[in-house]
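This is data20.txt (compact mmCIF, C-alpha atoms).
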# COMPACT_ATOMS: atom_id res chain seq x y z
CA MET A 805 97.30 184.29 51.30
CA LEU A 806 99.97 183.41 48.73
CA GLY A 807 101.44 180.93 51.21
CA TRP A 808 98.10 179.18 51.71
CA CYS A 809 97.62 178.89 47.92
CA ALA A 810 101.07 177.32 47.60
CA LEU A 811 100.24 174.78 50.31
CA GLU A 812 96.93 173.97 48.63
CA VAL A 813 98.65 173.29 45.29
CA TYR A 814 101.28 171.12 46.95
CA ILE A 815 98.80 169.09 49.04
CA GLU A 816 96.25 168.55 46.27
CA SER A 817 98.99 167.30 43.92
CA GLY A 818 100.21 164.84 46.52
CA GLY A 819 103.50 166.68 46.85
CA GLN A 820 104.20 166.34 43.13
CA ARG A 821 103.67 169.97 42.11
CA THR A 822 104.73 173.36 43.41
CA MET A 823 103.12 176.81 43.15
CA SER A 824 105.96 177.97 40.88
CA GLU A 825 105.26 175.14 38.44
CA GLU A 826 101.52 175.92 38.50
CA LEU A 827 102.11 179.60 37.74
CA ALA A 828 104.67 178.83 35.03
CA GLU A 829 102.15 176.57 33.25
CA GLN A 830 99.42 179.22 33.45
CA ARG A 831 101.70 181.95 32.11
CA ALA A 832 102.82 179.76 29.21
CA ALA A 833 99.25 179.15 27.98
CA PRO A 834 97.86 181.13 24.99
CA GLY A 835 96.25 184.39 26.09
CA SER A 836 98.34 184.69 29.25
CA CYS A 837 101.15 186.99 30.29
CA ASN A 838 103.68 187.24 33.08
CA LEU A 839 100.93 188.44 35.46
CA GLY A 840 98.66 185.42 35.10
CA GLY A 841 96.91 182.87 32.93
CA PRO A 842 94.21 183.14 30.24
CA LEU A 843 90.49 183.49 30.79
CA ARG A 844 88.85 180.51 32.50
CA TYR A 845 85.35 181.42 31.24
CA ARG A 846 84.66 182.90 27.80
CA ASN A 847 81.09 184.18 28.15
CA VAL A 848 82.03 187.07 30.43
CA VAL A 849 81.57 190.82 30.12
CA ILE A 850 82.50 193.52 32.62
CA ILE A 851 80.19 196.44 33.32
CA TRP A 852 82.20 199.40 34.63
CA LEU A 853 80.08 202.00 36.43
CA ARG A 854 81.99 205.21 35.87
CA CYS A 855 81.29 208.68 37.22
CA GLU A 856 82.58 212.20 36.73
CA GLN A 857 85.19 212.93 39.40
CA ASP A 858 83.37 215.91 40.93
CA ALA A 859 80.13 213.94 41.22
CA LEU A 860 81.99 210.96 42.67
CA ASN A 861 83.75 213.10 45.28
CA ARG A 862 80.44 214.64 46.30
CA ARG A 863 78.84 211.21 46.69
CA LEU A 864 81.76 209.93 48.73
CA ASP A 865 81.53 212.91 51.09
CA GLU A 866 77.77 212.43 51.45
CA ARG A 867 78.36 208.75 52.18
CA VAL A 868 80.62 209.64 55.10
CA ASP A 869 78.00 212.04 56.50
CA SER A 870 75.35 209.35 56.10
CA MET A 871 77.51 206.81 57.95
CA VAL A 872 77.76 209.18 60.91
CA ALA A 873 74.00 209.81 60.91
CA GLN A 874 73.34 206.05 60.89
CA GLY A 875 75.52 205.28 63.91
CA LEU A 876 79.17 205.17 62.90
CA LEU A 877 80.33 206.73 66.17
CA PRO A 878 78.73 204.15 68.51
CA GLU A 879 79.97 201.35 66.27
CA ILE A 880 83.62 202.40 66.25
CA ARG A 881 83.39 203.33 69.96
CA THR A 882 82.32 199.77 70.80
CA PHE A 883 85.20 198.37 68.78
CA TYR A 884 87.66 200.83 70.33
CA GLU A 885 86.63 200.00 73.89
CA ALA A 886 86.91 196.24 73.26
CA TYR A 887 90.00 195.92 71.08
CA VAL A 888 92.12 199.08 71.45
CA LYS A 889 91.67 200.73 74.83
CA PRO A 890 92.60 197.65 76.94
CA TYR A 891 96.04 197.44 75.31
CA SER A 892 99.05 199.67 75.89
CA THR A 893 100.03 199.77 72.20
CA SER A 894 98.13 199.34 68.96
CA GLU A 895 99.45 199.03 65.40
CA TYR A 896 97.18 201.05 63.13
CA HIS A 897 99.07 200.00 60.01
CA ARG A 898 98.22 196.29 60.34
CA GLY A 899 95.16 194.07 60.34
CA ILE A 900 91.69 195.40 60.92
CA LEU A 901 92.96 198.50 62.76
CA GLN A 902 94.15 199.94 59.45
CA SER A 903 90.63 199.82 57.98
CA ILE A 904 89.34 203.03 56.43
CA GLY A 905 86.66 204.37 58.76
CA PHE A 906 88.35 203.55 62.05
CA LYS A 907 91.95 204.69 62.30
CA GLU A 908 90.95 208.20 61.17
CA PHE A 909 89.01 208.61 64.45
CA VAL A 910 91.63 207.38 66.89
CA LYS A 911 92.64 210.87 68.11
CA TYR A 912 89.01 211.66 68.89
CA LEU A 913 88.36 208.28 70.54
CA ASP A 914 91.46 208.62 72.72
CA ARG A 915 90.40 212.04 73.97
CA TYR A 916 86.62 211.74 74.42
CA GLY A 917 84.17 209.14 75.73
CA PRO A 918 80.73 207.69 74.89
CA GLU A 919 78.86 210.60 76.49
CA THR A 920 80.50 213.01 74.05
CA ASP A 921 79.56 210.66 71.20
CA ARG A 922 75.89 210.93 72.15
CA GLU A 923 75.98 214.72 72.45
CA LEU A 924 77.69 215.08 69.09
CA LEU A 925 75.33 212.67 67.36
CA GLU A 926 72.31 214.59 68.66
CA TYR A 927 73.86 217.86 67.50
CA LEU A 928 74.76 216.56 64.02
CA THR A 929 71.36 214.97 63.37
CA ALA A 930 69.28 217.84 64.82
CA SER A 931 67.12 220.02 62.61
CA GLN A 932 68.92 222.92 60.97
CA GLU A 933 66.36 225.25 62.56
CA VAL A 934 67.62 224.36 66.06
CA HIS A 935 70.54 226.63 67.02
CA ALA A 936 72.12 224.65 69.83
CA PRO A 937 75.57 225.56 71.19
CA LYS A 938 78.44 223.56 69.71
CA PRO A 939 79.25 220.61 71.99
CA THR A 940 82.71 219.72 73.23
CA GLY A 941 84.71 217.62 70.81
CA LEU A 942 82.96 218.88 67.67
CA SER A 943 86.09 220.45 66.21
CA GLN A 944 88.12 217.28 66.76
CA LEU A 945 85.39 215.12 65.23
CA GLU A 946 85.05 217.42 62.21
CA ASP A 947 88.79 217.12 61.59
CA CYS A 948 88.48 213.32 61.71
CA LEU A 949 85.54 213.39 59.31
CA GLU A 950 87.39 215.59 56.83
CA TYR A 951 90.36 213.25 57.00
CA LEU A 952 88.10 210.25 56.42
CA LYS A 953 86.61 211.94 53.36
CA LEU A 954 90.10 212.67 52.02
CA VAL A 955 91.26 209.08 52.55
CA THR A 956 88.09 207.73 50.93
CA ARG A 957 88.61 209.87 47.82
CA ARG A 958 92.21 208.70 47.59
CA TYR A 959 91.08 205.08 47.83
CA ALA A 960 88.57 205.62 45.03
CA ARG A 961 91.32 207.00 42.80
CA ARG A 962 93.49 203.96 43.53
CA GLN A 963 90.57 201.72 42.52
CA LEU A 964 90.31 203.55 39.20
CA GLN A 965 94.02 203.14 38.60
CA TRP A 966 93.75 199.42 39.40
CA ILE A 967 91.00 199.02 36.79
CA ARG A 968 93.13 200.74 34.18
CA ASN A 969 96.18 198.63 34.98
CA ARG A 970 94.33 195.33 35.28
CA PHE A 971 91.79 195.55 32.46
CA LEU A 972 92.75 198.34 30.08
CA SER A 973 96.53 198.08 29.79
CA GLU A 974 97.75 196.16 26.76
CA THR A 975 99.83 193.51 28.54
CA GLY A 976 99.07 190.64 26.17
CA ARG A 977 96.84 188.93 28.71
CA GLU A 978 93.28 188.04 27.83
CA VAL A 979 90.63 190.08 29.64
CA PRO A 980 86.86 190.17 29.12
CA PRO A 981 85.41 193.10 27.15
CA ILE A 982 84.71 195.99 29.50
CA TYR A 983 81.86 198.45 28.93
CA ALA A 984 81.79 201.83 30.68
CA LEU A 985 78.42 203.22 31.75
CA ASP A 986 78.11 206.81 32.97
CA THR A 987 76.43 207.05 36.39
CA SER A 988 77.05 210.79 36.91
CA ASP A 989 73.38 211.76 36.43
CA ILE A 990 71.19 209.67 38.73
CA ASN A 991 68.07 211.00 37.00
CA ARG A 992 69.14 209.22 33.81
CA TRP A 993 70.02 205.92 35.51
CA LYS A 994 67.47 203.80 33.65
CA GLU A 995 68.41 205.18 30.27
CA GLN A 996 72.20 205.33 30.65
CA VAL A 997 72.86 202.46 33.05
CA SER A 998 70.28 199.74 33.71
CA ASP A 999 68.71 199.50 30.23
CA THR A 1000 72.11 199.68 28.53
CA ALA A 1001 73.58 197.03 30.85
CA VAL A 1002 70.68 194.66 30.12
CA ALA A 1003 71.09 195.22 26.36
CA ILE A 1004 74.84 194.47 26.55
CA ILE A 1005 74.31 191.25 28.50
CA GLU A 1006 71.46 190.05 26.27
CA ALA A 1007 73.60 190.66 23.19
CA ALA A 1008 76.47 188.70 24.72
CA LEU A 1009 74.17 185.78 25.59
CA ALA A 1010 72.76 185.76 22.04
CA GLY A 1011 76.21 185.96 20.45
CA GLN A 1012 75.39 189.32 18.85
CA ALA A 1013 77.34 192.57 18.63
CA SER A 1014 77.04 194.83 21.67
CA PRO A 1015 74.97 198.02 21.32
CA LEU A 1016 77.85 199.87 23.02
CA PRO A 1017 81.53 199.70 22.03
CA CYS A 1018 83.85 198.34 24.69
CA VAL A 1019 86.51 200.53 26.28
CA PRO A 1020 89.69 200.51 24.15
CA LYS A 1021 92.95 199.20 25.56
CA MET A 1022 95.81 201.51 26.49
CA GLU A 1023 99.28 200.84 25.15
CA CYS A 1024 101.85 199.84 27.75
CA SER A 1025 105.31 201.26 27.87
CA ARG A 1026 108.16 198.99 26.81
CA LYS A 1027 109.34 198.87 30.40
CA ARG A 1028 106.06 197.37 31.63
CA GLN A 1029 106.13 194.71 28.91
CA GLN A 1030 109.35 193.27 30.27
CA PRO A 1031 109.19 190.18 32.54
CA GLU A 1032 108.04 191.16 36.02
CA ARG A 1033 110.07 190.30 39.11
CA THR A 1034 108.54 189.32 42.44
CA PHE A 1035 109.49 191.32 45.55
CA ARG A 1036 108.78 190.51 49.19
CA CYS A 1037 108.66 193.21 51.86
CA GLU A 1038 109.61 191.55 55.13
CA PRO A 1039 108.56 194.43 57.45
CA CYS A 1040 105.08 194.61 55.86
CA GLN A 1041 104.81 190.88 55.12
CA ARG A 1042 103.55 191.53 51.59
CA VAL A 1043 104.48 190.32 48.10
CA PHE A 1044 104.61 192.61 45.05
CA ILE A 1045 104.82 191.66 41.38
CA GLY A 1046 106.77 194.09 39.22
CA GLU A 1047 109.31 196.84 39.76
CA HIS A 1048 106.67 199.54 39.35
CA GLN A 1049 104.46 198.33 42.23
CA TRP A 1050 107.53 197.63 44.37
CA GLN A 1051 108.89 201.16 43.99
CA ILE A 1052 105.48 202.62 44.85
CA HIS A 1053 105.37 200.51 48.01
CA ILE A 1054 108.86 201.26 49.35
CA ARG A 1055 108.26 204.99 48.86
CA SER A 1056 104.90 204.91 50.62
CA LYS A 1057 104.33 206.42 54.05
CA LYS A 1058 102.79 203.16 55.24
CA HIS A 1059 105.94 201.15 54.46
CA ARG A 1060 108.23 203.71 56.10
CA LYS A 1061 106.03 203.75 59.19
CA VAL A 1062 106.06 199.95 59.50
CA ALA A 1063 109.82 199.78 58.93
CA LYS A 1064 110.42 202.49 61.53
CA HIS A 1065 108.16 200.72 64.04
CA ASN A 1066 109.93 197.39 63.52
CA LYS A 1067 113.33 199.06 63.91
CA SER A 1068 112.21 200.61 67.20
CA LEU A 1069 111.12 197.19 68.46
CA ASP A 1070 114.45 195.66 67.43
CA ASP A 1071 116.40 198.47 69.11
CA GLY A 1072 114.35 197.96 72.28
CA ARG A 1073 115.02 194.24 72.33
CA ASN A 1074 118.75 194.84 71.84
CA ALA A 1075 118.79 197.38 74.65
CA ASP A 1076 116.99 194.97 76.99
CA TRP A 1077 119.51 192.24 76.17
CA GLU A 1078 122.46 194.53 76.87
CA HIS A 1079 121.12 195.21 80.38
CA ILE A 1080 120.63 191.56 81.36
CA PRO A 1081 122.90 190.74 84.34
CA ALA A 1082 125.88 188.59 83.45
CA GLU A 1083 124.75 185.59 85.47
CA VAL A 1084 121.28 185.65 83.87
CA GLU A 1085 122.78 186.07 80.42
CA SER A 1086 125.01 183.08 80.90
CA GLU A 1087 122.05 180.97 82.02
CA SER A 1088 120.06 181.99 78.94
CA LYS A 1089 122.92 180.84 76.73

Take the structure in the file and write it out as structure tokens.
Amino acid sequence: MLGWCALEVYIESGGQRTMSEELAEQRAAPGSCNLGGPLRYRNVVIIWLRCEQDALNRRLDERVDSMVAQGLLPEIRTFYEAYVKPYSTSEYHRGILQSIGFKEFVKYLDRYGPETDRELLEYLTASQEVHAPKPTGLSQLEDCLEYLKLVTRRYARRQLQWIRNRFLSETGREVPPIYALDTSDINRWKEQVSDTAVAIIEAALAGQASPLPCVPKMECSRKRQQPERTFRCEPCQRVFIGEHQWQIHIRSKKHRKVAKHNKSLDDGRNADWEHIPAEVESESK
């Protein structure tokens, strides 16, 4: 994505401007920082729908159960049969195969077929009063579902951390005012969420003070206020801004898995080359 943006800047400027020059100009403008430029639009507010962690975890788990009841298994089975099963190897750490909601079921999909999917779906959506025997594959599927719930909760926590880093950390960069509304109690949605959100927006449009104070900024450490470096991970083909994000990435299981996979491919290519007959090797040179 970063490469396409750089090409767009270069082409639209007629070859007179680079992405580095564009970013440098943005970061030098008032209200900017080393992570980006100032606000493009001034009449903006951010409504942050927050929730108590226990309530959020419960909703996330219920969402997974609801996805299964609404046909998640047939959906991922169709995708698996078309884009995974026909191939000898699949990389579950890249592209769409790494999506949350698919890779967690691979062990089940490899072992069982569509008929088991139908039996399990009937069992899971049957009335609680019906005491049917547990079908084959239920234990494996339950393990996959628990893993999906765990991964989903982790992802939600990463989203919260991103909000804190992007909007609430005092980096010197302009950000719109952010207002936190508590969604923990659904029964009080109109009072605590919808009516309050409308009042905040109407006040902003009228140029008046908000009925709710915005979320205060958090002070950054001195280390995070220093100029950020850009890092590129060749195995993962990703770009990271800042030492903090880079260290998180290189310590992650995903990075280690990709690096190990790439090393195995390189070792295999080297081994194949070593076994090429001399006369073929000389021709290839």

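Each of A:Gln963, A:Phe883, A:Gly1011, A:Leu954 was checked against A:Val848 using all atoms listed in the file; the smallest atom-to-atom distance is that of A:Gly1011.
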
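Near (74.7, 211.2, 72.0), the residues inside the 12 Å limit, counting all atoms listed in the file, come to Val872, Ala873, Gly875, Leu876, Leu877, Pro878, Arg881, Gly917, Pro918, Glu919, Thr920, Asp921, Arg922, Glu923, Leu924, Leu925, Glu926, Tyr927, Leu928, Thr929, Ala930, Pro939, Thr940 and Gly941 of chain A.
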
Near stretch 998-1001 of chain A, counting only C-alpha atoms, which residues have an atom at most 12 Å away, once you skip same-chain residues fewer than 2 positions from it, shown as a list in words?
->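 Here the qualifying residues turn out to be Val849, Ile850, Ile851, Trp852, Leu853, Ile982, Tyr983, Ala984, Leu985, Asp986, Thr987, Ile990, Asn991, Arg992, Trp993, Lys994, Glu995, Gln996, Ala1003, Ile1004, Ile1005, Glu1006, Ala1007, Ala1008, Ser1014, Pro1015, Leu1016 and Pro1017 of chain A.
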
Work out how far atom CA of A:Tyr887 is from atom CA of A:Asp914, in Å to one decimal.
->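 These two atoms are separated by 12.9 Å.
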
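The residue set within 12 Å of A:Ala833, counting all atoms listed in the file and dropping same-chain residues fewer than 2 places from it, reads Glu826, Leu827, Ala828, Glu829, Gln830, Arg831, Gly835, Ser836, Cys837, Asn838, Gly840, Gly841, Pro842, Leu843, Arg844, Gly976, Arg977 and Glu978 of chain A.
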
Atom CA of A:Gln1051 to atom CA of A:Ile967 measures 19.4 Å

Point out the residue among A:Val1043, A:Ala960, A:Ala832, A:Ile815 with the least atom-to-atom distance to A:Asp865, counting all atoms listed in the file.
->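 Ranked by minimum distance to A:Asp865, first place goes to A:Ala960.
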
If you measure from atom CA of A:Leu964 to atom CA of A:Glu856, what distance in Å do you get, rounded to one decimal?
-> 11.9 Å

Where's the centre, and what are the edge lengths in Å to one decimal, of a box along x, y and z enclosing all listed atoms of stretch 916-933 of chain A padded 8 Å per side, as JSON?
{"center_x": 76.5, "center_y": 216.5, "center_z": 68.7, "size_x": 36.3, "size_y": 33.6, "size_z": 31.5}
